[in-house]
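Student: mmCIF, C-alpha atoms, file run-v5.cif:
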```cif
data_entry
loop_
_atom_site.label_atom_id
_atom_site.label_comp_id
_atom_site.auth_asym_id
_atom_site.auth_seq_id
_atom_site.Cartn_x
_atom_site.Cartn_y
_atom_site.Cartn_z
CA MET R 1 167.84 129.47 -20.93
CA ILE R 2 166.02 128.88 -24.22
CA SER R 3 165.53 131.59 -26.81
CA TYR R 4 162.49 131.88 -29.04
CA SER R 5 161.92 134.09 -32.06
CA ASP R 6 158.91 134.42 -34.36
CA THR R 7 159.65 136.29 -37.57
CA ALA R 8 155.94 136.97 -38.08
CA LEU R 9 156.02 139.17 -35.00
CA THR R 10 159.76 139.91 -35.10
CA LEU R 11 159.94 139.03 -31.42
CA SER R 12 162.69 137.72 -29.20
CA GLU R 13 162.01 136.49 -25.69
CA THR R 14 163.66 134.28 -23.13
CA LEU R 15 162.02 131.04 -22.02
CA GLN R 16 163.22 129.40 -18.82
CA THR R 17 163.26 125.59 -18.95
CA ASN R 18 164.95 123.21 -16.51
CA ALA R 19 163.14 119.85 -16.65
CA ILE R 20 160.98 117.49 -18.68
CA VAL R 21 157.81 116.31 -16.95
CA TRP R 22 156.33 113.30 -18.74
CA ILE R 23 152.74 112.39 -17.87
CA HIS R 24 151.44 109.19 -19.44
CA SER R 25 148.03 107.55 -19.26
CA LEU R 26 147.99 104.61 -21.65
CA PRO R 27 146.88 100.97 -21.48
CA GLU R 28 149.72 98.65 -20.47
CA GLY R 29 149.70 97.04 -23.90
CA GLU R 30 150.51 100.42 -25.54
CA MET R 31 153.39 101.39 -23.26
CA GLY R 32 156.22 99.94 -25.39
CA PRO R 33 156.99 103.07 -27.46
CA THR R 34 156.68 105.27 -24.37
CA ARG R 35 159.17 103.17 -22.41
CA ARG R 36 161.66 103.25 -25.29
CA ILE R 37 161.40 107.06 -25.57
CA LEU R 38 161.78 107.50 -21.81
CA GLU R 39 164.89 105.28 -21.82
CA GLY R 40 166.34 107.53 -24.51
CA LEU R 41 165.48 110.66 -22.53
CA GLU R 42 167.15 109.23 -19.44
CA GLY R 43 170.24 108.70 -21.56
CA LEU R 44 170.12 112.34 -22.70
CA ALA R 45 169.77 113.43 -19.07
CA THR R 46 172.96 111.60 -18.11
CA GLU R 47 174.72 113.43 -20.95
CA GLY R 48 173.77 116.82 -19.52
CA GLY R 49 170.20 117.17 -20.77
CA PHE R 50 167.16 118.08 -18.73
CA PRO R 51 166.24 115.78 -15.84
CA ILE R 52 163.17 113.61 -16.48
CA PHE R 53 160.23 113.31 -14.08
CA GLU R 54 157.76 110.58 -15.01
CA TYR R 55 154.18 110.36 -13.78
CA ALA R 56 151.67 107.56 -14.52
CA VAL R 57 148.06 108.76 -14.36
CA GLY R 58 145.10 106.44 -14.01
CA ASP R 59 142.19 108.75 -13.32
CA ARG R 60 141.05 112.37 -12.91
CA THR R 61 141.95 112.58 -9.22
CA GLU R 62 145.53 111.50 -9.87
CA LEU R 63 145.86 114.00 -12.72
CA VAL R 64 144.57 116.89 -10.61
CA ASN R 65 146.88 115.92 -7.74
CA ILE R 66 149.89 115.81 -10.06
CA PHE R 67 149.09 119.26 -11.45
CA ASN R 68 148.75 120.60 -7.91
CA GLU R 69 152.14 119.13 -7.06
CA LEU R 70 153.72 120.57 -10.22
CA SER R 71 152.25 124.01 -9.49
CA SER R 72 153.77 123.92 -6.01
CA CYS R 73 157.13 122.93 -7.49
CA ALA R 74 156.83 125.70 -10.09
CA GLU R 75 156.42 128.23 -7.31
CA GLN R 76 159.79 126.97 -6.06
CA GLY R 77 161.45 127.28 -9.48
CA LEU R 78 160.36 124.33 -11.68
CA ARG R 79 160.14 125.40 -15.34
CA PRO R 80 159.13 122.28 -17.26
CA ILE R 81 158.45 121.05 -20.72
CA LEU R 82 155.22 119.20 -19.93
CA HIS R 83 154.81 116.18 -22.19
CA VAL R 84 151.37 114.52 -22.10
CA ASP R 85 151.32 111.00 -23.55
CA ALA R 86 147.75 109.71 -23.77
CA HIS R 87 144.72 109.48 -26.07
CA GLY R 88 142.54 112.40 -27.09
CA SER R 89 139.06 112.84 -28.53
CA VAL R 90 137.49 115.85 -30.24
CA ALA R 91 134.29 115.57 -28.21
CA ASP R 92 135.51 114.06 -24.95
CA GLY R 93 138.93 115.63 -24.45
CA LEU R 94 141.71 113.77 -22.65
CA VAL R 95 141.17 110.01 -22.25
CA LEU R 96 142.76 108.43 -19.17
CA ALA R 97 143.74 104.76 -18.79
CA PRO R 98 143.08 102.39 -17.10
CA SER R 99 139.98 104.12 -15.65
CA GLY R 100 138.69 105.21 -19.07
CA GLU R 101 137.69 108.58 -17.63
CA ARG R 102 137.37 111.55 -19.96
CA ILE R 103 138.44 115.04 -18.95
CA GLY R 104 137.03 117.77 -21.18
CA TRP R 105 139.39 120.18 -22.89
CA ALA R 106 137.97 123.08 -20.87
CA ASP R 107 138.93 121.33 -17.61
CA VAL R 108 142.40 120.45 -18.91
CA ILE R 109 143.04 124.02 -19.95
CA GLU R 110 142.22 125.26 -16.43
CA LEU R 111 144.82 122.88 -15.00
CA LEU R 112 147.37 124.21 -17.49
CA ARG R 113 146.49 127.83 -16.68
CA ARG R 114 147.19 127.35 -13.00
CA LEU R 115 150.49 125.66 -13.75
CA ASN R 116 151.55 128.31 -16.26
CA ILE R 117 150.72 131.07 -13.79
CA ALA R 118 152.96 129.30 -11.25
CA THR R 119 155.79 129.17 -13.83
CA GLU R 120 155.29 132.89 -14.58
CA ASN R 121 154.46 132.02 -18.21
CA ASN R 122 157.43 129.73 -18.80
CA LEU R 123 155.51 126.50 -19.48
CA THR R 124 156.10 124.54 -22.67
CA CYS R 125 153.49 121.88 -23.45
CA VAL R 126 153.74 118.94 -25.84
CA PHE R 127 150.39 117.20 -26.12
CA ALA R 128 151.32 114.01 -27.96
CA LEU R 129 147.78 112.79 -28.46
CA CYS R 130 145.16 112.83 -31.19
CA PHE R 131 143.22 116.08 -31.59
CA GLY R 132 145.26 117.78 -28.86
CA LEU R 133 145.01 121.12 -30.66
CA HIS R 134 141.27 121.23 -29.90
CA LEU R 135 142.24 122.16 -26.35
CA TYR R 136 143.13 125.65 -27.57
CA GLU R 137 139.57 126.34 -28.68
CA ASN R 138 138.97 127.15 -25.01
CA VAL R 139 141.53 129.96 -24.82
CA SER R 140 140.04 133.21 -23.51
CA LEU R 141 141.48 136.69 -23.97
CA LYS R 142 140.30 137.57 -20.46
CA LYS R 143 142.17 134.67 -18.79
CA ALA R 144 145.80 133.63 -18.47
CA VAL R 145 147.30 131.83 -21.45
CA PRO R 146 147.67 128.06 -20.75
CA ALA R 147 151.29 127.85 -21.90
CA TYR R 148 154.14 129.94 -23.23
CA LEU R 149 154.55 127.41 -26.04
CA PHE R 150 151.96 124.76 -26.90
CA CYS R 151 152.56 121.89 -29.35
CA ALA R 152 149.85 119.44 -30.42
CA PRO R 153 148.37 117.70 -33.47
CA PRO R 154 145.18 119.09 -35.06
CA SER R 155 143.86 115.61 -35.87
CA GLU R 156 144.96 111.99 -35.46
CA ILE R 157 148.66 111.23 -35.09
CA SER R 158 150.46 107.92 -35.41
CA VAL R 159 152.43 106.25 -32.63
CA GLY R 160 155.13 105.45 -35.17
CA PHE R 161 155.63 109.13 -35.98
CA LEU R 162 155.84 110.04 -32.29
CA GLU R 163 158.36 107.30 -31.58
CA ASP R 164 160.45 108.37 -34.57
CA GLN R 165 160.47 112.09 -33.81
CA THR R 166 160.06 112.69 -30.06
CA LEU R 167 163.53 111.71 -28.90
CA SER R 168 165.02 113.66 -31.82
CA PHE R 169 163.00 116.69 -30.72
CA TYR R 170 164.48 116.64 -27.22
CA ARG R 171 167.96 115.82 -28.50
CA LYS R 172 167.88 118.91 -30.76
CA ILE R 173 166.71 121.06 -27.84
CA ASN R 174 169.71 119.90 -25.84
CA GLN R 175 172.00 120.71 -28.76
CA SER R 176 170.64 124.12 -29.75
CA SER R 177 168.54 125.37 -26.79
CA ASN R 178 165.94 126.42 -29.38
CA VAL R 179 162.52 124.81 -28.99
CA THR R 180 161.02 126.11 -32.22
CA ASP R 181 163.93 125.02 -34.41
CA ALA R 182 163.82 121.58 -32.78
CA PHE R 183 160.06 121.40 -33.27
CA ASN R 184 160.18 122.46 -36.93
CA ALA R 185 162.81 119.82 -37.68
CA THR R 186 160.92 116.98 -35.99
CA LEU R 187 157.40 117.07 -34.52
CA GLY R 188 156.39 119.96 -36.76
CA ALA R 189 155.73 117.57 -39.64
CA SER R 190 152.45 116.47 -38.00
CA MET R 191 151.89 118.92 -35.15
CA LYS R 192 151.26 122.64 -34.74
CA LEU R 193 152.94 125.10 -32.39
CA PHE R 194 151.35 128.13 -30.72
CA HIS R 195 153.36 130.87 -29.07
CA CYS R 196 151.60 132.96 -26.42
CA GLN R 197 152.49 136.24 -28.12
CA GLY R 198 151.14 135.06 -31.47
CA LEU R 199 148.03 133.74 -29.77
CA PHE R 200 147.56 137.08 -28.00
CA PHE R 201 147.94 138.88 -31.33
CA GLN R 202 145.35 136.68 -33.07
CA SER R 203 142.95 136.83 -30.12
CA LEU R 204 143.05 140.63 -30.16
CA LEU R 205 142.39 140.69 -33.91
CA ARG R 206 139.37 138.46 -33.40
CA TYR R 207 138.14 140.61 -30.49
CA ILE R 208 138.42 143.82 -32.53
CA ARG R 209 136.64 142.32 -35.55
CA ILE R 210 133.80 140.96 -33.41
CA TYR R 211 133.26 143.70 -30.83
CA CYS R 212 134.75 146.86 -32.29
CA MET R 213 133.55 146.69 -35.90
CA GLY R 214 130.32 146.14 -37.83
CA LYS R 215 126.87 145.25 -36.49
CA ARG R 216 128.01 143.89 -33.14
CA ARG R 217 129.80 147.15 -32.41
CA GLN R 218 126.58 149.06 -33.09
CA VAL R 219 124.57 146.78 -30.81
CA ARG R 220 127.23 147.12 -28.13
CA LEU R 221 127.27 150.91 -28.54
CA GLU R 222 123.50 151.23 -28.08
CA ARG R 223 123.56 148.93 -25.06
CA MET R 224 126.31 151.01 -23.46
CA VAL R 225 124.49 154.27 -24.23
CA THR R 226 121.43 152.92 -22.45
CA ALA R 227 123.58 151.86 -19.48
CA VAL R 228 125.26 155.28 -19.22
CA LEU R 229 121.93 157.11 -19.31
CA LYS R 230 120.57 154.81 -16.61
CA ARG R 231 123.70 155.32 -14.50
CA ASP R 232 123.26 159.09 -14.76
CA SER R 233 119.53 158.82 -13.96
CA ILE R 234 118.55 160.37 -17.30
CA VAL R 235 115.08 158.99 -18.02
CA ASN R 236 114.05 161.24 -20.92
CA PRO R 237 117.30 162.36 -22.59
CA SER R 238 117.32 165.33 -24.90
CA ASN R 239 118.69 165.06 -28.41
CA GLU R 240 121.86 166.79 -27.24
CA GLN R 241 122.28 164.42 -24.30
CA LEU R 242 121.83 161.42 -26.62
CA ARG R 243 124.28 162.86 -29.13
CA GLN R 244 126.96 163.59 -26.52
CA THR R 245 126.53 160.24 -24.75
CA ARG R 246 126.70 158.33 -28.03
CA LYS R 247 129.80 160.30 -29.01
CA ASN R 248 131.54 159.54 -25.71
CA VAL R 249 130.68 155.85 -25.86
CA SER R 250 131.76 155.65 -29.48
CA GLU R 251 135.15 157.10 -28.57
CA SER R 252 135.53 154.56 -25.76
CA LEU R 253 134.86 151.71 -28.20
CA LYS R 254 137.62 152.70 -30.59
CA PRO R 255 140.39 150.09 -30.32
CA GLY R 256 143.89 151.31 -29.60
CA GLN R 257 146.99 150.66 -27.52
CA SER R 258 144.81 150.73 -24.41
CA LEU R 259 143.25 147.44 -25.56
CA ILE R 260 146.65 145.70 -25.49
CA ASP R 261 147.51 147.33 -22.16
CA ARG R 262 144.19 146.17 -20.72
CA PHE R 263 144.48 142.46 -21.60
CA ALA R 264 148.25 141.82 -21.62
CA PRO R 265 148.95 141.66 -17.84
CA THR R 266 146.42 138.86 -17.30
CA PHE R 267 146.77 136.96 -20.59
CA LEU R 268 150.57 137.05 -20.74
CA ILE R 269 150.97 136.63 -16.95
CA GLY R 270 153.17 139.66 -16.48
CA ARG R 271 155.10 139.52 -19.75
CA ASP R 272 154.94 142.58 -21.96
CA ALA R 273 153.31 142.34 -25.37
CA VAL R 274 156.00 142.37 -28.06
CA PHE R 275 153.84 144.33 -30.51
CA LYS R 276 151.99 147.64 -30.59
CA TYR R 277 148.50 148.50 -31.76
CA GLU R 278 149.97 149.76 -35.03
CA ASP R 279 150.92 146.16 -35.85
CA LEU R 280 147.32 145.03 -35.34
CA GLU R 281 146.06 147.98 -37.35
CA LYS R 282 148.18 147.01 -40.36
CA ILE R 283 146.58 143.56 -40.45
CA LEU R 284 143.09 144.98 -39.98
CA LYS R 285 143.56 147.51 -42.81
CA ARG R 286 145.01 144.83 -45.07
CA SER R 287 142.04 142.49 -44.52
CA THR R 288 139.56 145.34 -45.01
CA THR R 289 141.25 146.38 -48.25
CA SER R 290 141.28 142.80 -49.61
CA LYS R 291 137.52 142.47 -48.98
CA HIS R 292 136.82 145.48 -51.18
CA MET R 293 139.11 144.48 -54.06
#
```
Please rewrite the model in this file as structure tokens.
Tutor:
Amino acid sequence: MISYSDTALTLSETLQTNAIVWIHSLPEGEMGPTRRILEGLEGLATEGGFPIFEYAVGDRTELVNIFNELSSCAEQGLRPILHVDAHGSVADGLVLAPSGERIGWADVIELLRRLNIATENNLTCVFALCFGLHLYENVSLKKAVPAYLFCAPPSEISVGFLEDQTLSFYRKINQSSNVTDAFNATLGASMKLFHCQGLFFQSLLRYIRIYCMGKRRQVRLERMVTAVLKRDSIVNPSNEQLRQTRKNVSESLKPGQSLIDRFAPTFLIGRDAVFKYEDLEKILKRSTTSKHM
């Protein structure tokens, strides 16, 4: 069992991990560093570390089939650190060798969602490829989070850095059972880490700022007032009917704990949110105050 804590949210949760799944899709001439890292991981496995499952992917069909297989295994108890070793592009997503096929980030994230649902939100992802962080631009508050923990570089990353730090990352996990400490001491120098709870927190802040405040809230309010009047077959509403309908809709648009309760079961795949609306409200008030200073 691996523990995770984020002081920004003062949270403590348990992450189940029992294997490393290494997916690689590189030209043969670039496989040297990968083979050396895998040899080191096999050595760690013999010393009591996580077992290693290696998959070579040549095209989209193979990748989809592997994810289907992993999802089936996850339903039987597999809880992996999924390590993807390939090339990435901002515009084209994941680049597969030797076919040269591109799989867009939106398609990749759907594969991850299905796998993370099967793991009951216990999936850790390490995307060791250039621009891997762009994948998370496709995260939706209304859909399941793609991973419990997601690690990737925001831009280009060197093979030398990955070869220097990857084995150390997994060695430190074996020693401490703490993914974030291991990440901060190794891969964190050139990669970023997202935790599902922090991502949920930030996604809710963005949702509130966009849909529950300012001009967009007013547009949304008027649209909902019109919909309510239509639902109730009120063609020519009186001033009182308009006032009462607008008041009721306005109350329904006020963000609160119900917003967290509404999105958490799907986004966090059954995990409880580790924060309350009051925590979001503090950030919102702080940002509003700073704008007026």
Student: Quote the spacing between atom CA of R:Ser250 and atom CA of R:Asp232 in Å to one decimal place.
Tutor: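 We find that atom CA of R:Ser250 and atom CA of R:Asp232 lie 17.3 Å from each other.
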Student: Record the distance separating atom CA of R:Leu111 and atom CA of R:Leu167, expressed in Å with one decimal.
Tutor: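 Rounded to one decimal, the two atoms are 25.8 Å apart.
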Student: Work out how far atom CA of R:Tyr136 is from atom CA of R:Pro255, in Å to one decimal.
Tutor: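 Computed distance, atom CA of R:Pro255 to atom CA of R:Tyr136, equals 24.7 Å.
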Student: Take every atom of stretch 186-194 of chain R listed in the file, pad by 5 Å on each side, and give me the axis-aligned box centre and edge lengths in Å, one decimal, as JSON.
Tutor:
```
{"center_x": 156.1, "center_y": 122.3, "center_z": -35.2, "size_x": 19.7, "size_y": 21.7, "size_z": 18.9}
```
Student: Selected by the PyMOL selection byres ((chain R and resi 153-165) around 6) in the shown coordinates: which residues, as a VMD selection string?
Tutor: chain R and resid 130 to 133 152 166 to 168 186 to 187 191 to 192
Student: I need the output of the PyMOL selection byres ((chain R and resi 20) around 9) for this file as a count of residues only; which residues are they?
Tutor: 15
Student: Starting from the shown file, work through the PyMOL selection byres ((chain R and resi 226-231) around 12) and note down what comes out as an mmCIF file with C-alpha atoms, in the frame of the given file.
Tutor:
```cif
data_model
loop_
_atom_site.group_PDB
_atom_site.id
_atom_site.type_symbol
_atom_site.label_atom_id
_atom_site.label_comp_id
_atom_site.auth_asym_id
_atom_site.auth_seq_id
_atom_site.Cartn_x
_atom_site.Cartn_y
_atom_site.Cartn_z
ATOM 1 C CA VAL R 219 124.570 146.780 -30.810
ATOM 2 C CA ARG R 220 127.230 147.120 -28.130
ATOM 3 C CA LEU R 221 127.270 150.910 -28.540
ATOM 4 C CA GLU R 222 123.500 151.230 -28.080
ATOM 5 C CA ARG R 223 123.560 148.930 -25.060
ATOM 6 C CA MET R 224 126.310 151.010 -23.460
ATOM 7 C CA VAL R 225 124.490 154.270 -24.230
ATOM 8 C CA ASP R 232 123.260 159.090 -14.760
ATOM 9 C CA SER R 233 119.530 158.820 -13.960
ATOM 10 C CA ILE R 234 118.550 160.370 -17.300
ATOM 11 C CA VAL R 235 115.080 158.990 -18.020
ATOM 12 C CA ASN R 236 114.050 161.240 -20.920
ATOM 13 C CA PRO R 237 117.300 162.360 -22.590
ATOM 14 C CA SER R 238 117.320 165.330 -24.900
ATOM 15 C CA GLN R 241 122.280 164.420 -24.300
ATOM 16 C CA LEU R 242 121.830 161.420 -26.620
ATOM 17 C CA ARG R 243 124.280 162.860 -29.130
ATOM 18 C CA GLN R 244 126.960 163.590 -26.520
ATOM 19 C CA THR R 245 126.530 160.240 -24.750
ATOM 20 C CA ARG R 246 126.700 158.330 -28.030
ATOM 21 C CA LYS R 247 129.800 160.300 -29.010
ATOM 22 C CA ASN R 248 131.540 159.540 -25.710
ATOM 23 C CA VAL R 249 130.680 155.850 -25.860
#
```
Student: What lies within 10 Å of R:Arg102 using only C-alpha atoms, ignoring chain neighbours under 5 positions off, as a PDB file with C-alpha atoms, in the coordinates of the input?
Tutor:
```pdb
ATOM      1  CA  ASP R  59     142.190 108.750 -13.320  1.00  0.00           C
ATOM      2  CA  ARG R  60     141.050 112.370 -12.910  1.00  0.00           C
ATOM      3  CA  HIS R  87     144.720 109.480 -26.070  1.00  0.00           C
ATOM      4  CA  GLY R  88     142.540 112.400 -27.090  1.00  0.00           C
ATOM      5  CA  SER R  89     139.060 112.840 -28.530  1.00  0.00           C
ATOM      6  CA  ALA R  91     134.290 115.570 -28.210  1.00  0.00           C
ATOM      7  CA  ASP R  92     135.510 114.060 -24.950  1.00  0.00           C
ATOM      8  CA  GLY R  93     138.930 115.630 -24.450  1.00  0.00           C
ATOM      9  CA  LEU R  94     141.710 113.770 -22.650  1.00  0.00           C
ATOM     10  CA  VAL R  95     141.170 110.010 -22.250  1.00  0.00           C
ATOM     11  CA  LEU R  96     142.760 108.430 -19.170  1.00  0.00           C
ATOM     12  CA  ALA R  97     143.740 104.760 -18.790  1.00  0.00           C
TER      13      ALA R  97
END
```
Student: Go through R:Ile260, R:Val126, R:Ala147, R:Ile283 and flag the residue nearest R:Leu112, using only C-alpha atoms for the distances.
Tutor: R:Ala147
Student: Around (147.1, 110.5, -11.3), as given in the file, which residues come within 12 Å? Count all atoms listed in the file and list them as a list in words.
Tutor: Ile23, His24, Ser25, Leu26, Glu54, Tyr55, Ala56, Val57, Gly58, Asp59, Arg60, Thr61, Glu62, Leu63, Val64, Asn65, Ile66, Phe67, Asn68, Glu69, Leu96, Ala97, Pro98, Ser99 and Glu101 of chain R
Student: Within 9 Å of R:Thr34, counting all atoms listed in the file, which residues show up once you throw out same-chain ones fewer than 3 positions away? Write them as a PyMOL selection string, please.
Tutor: chain R and resi 24+30-31+37-39+85+163
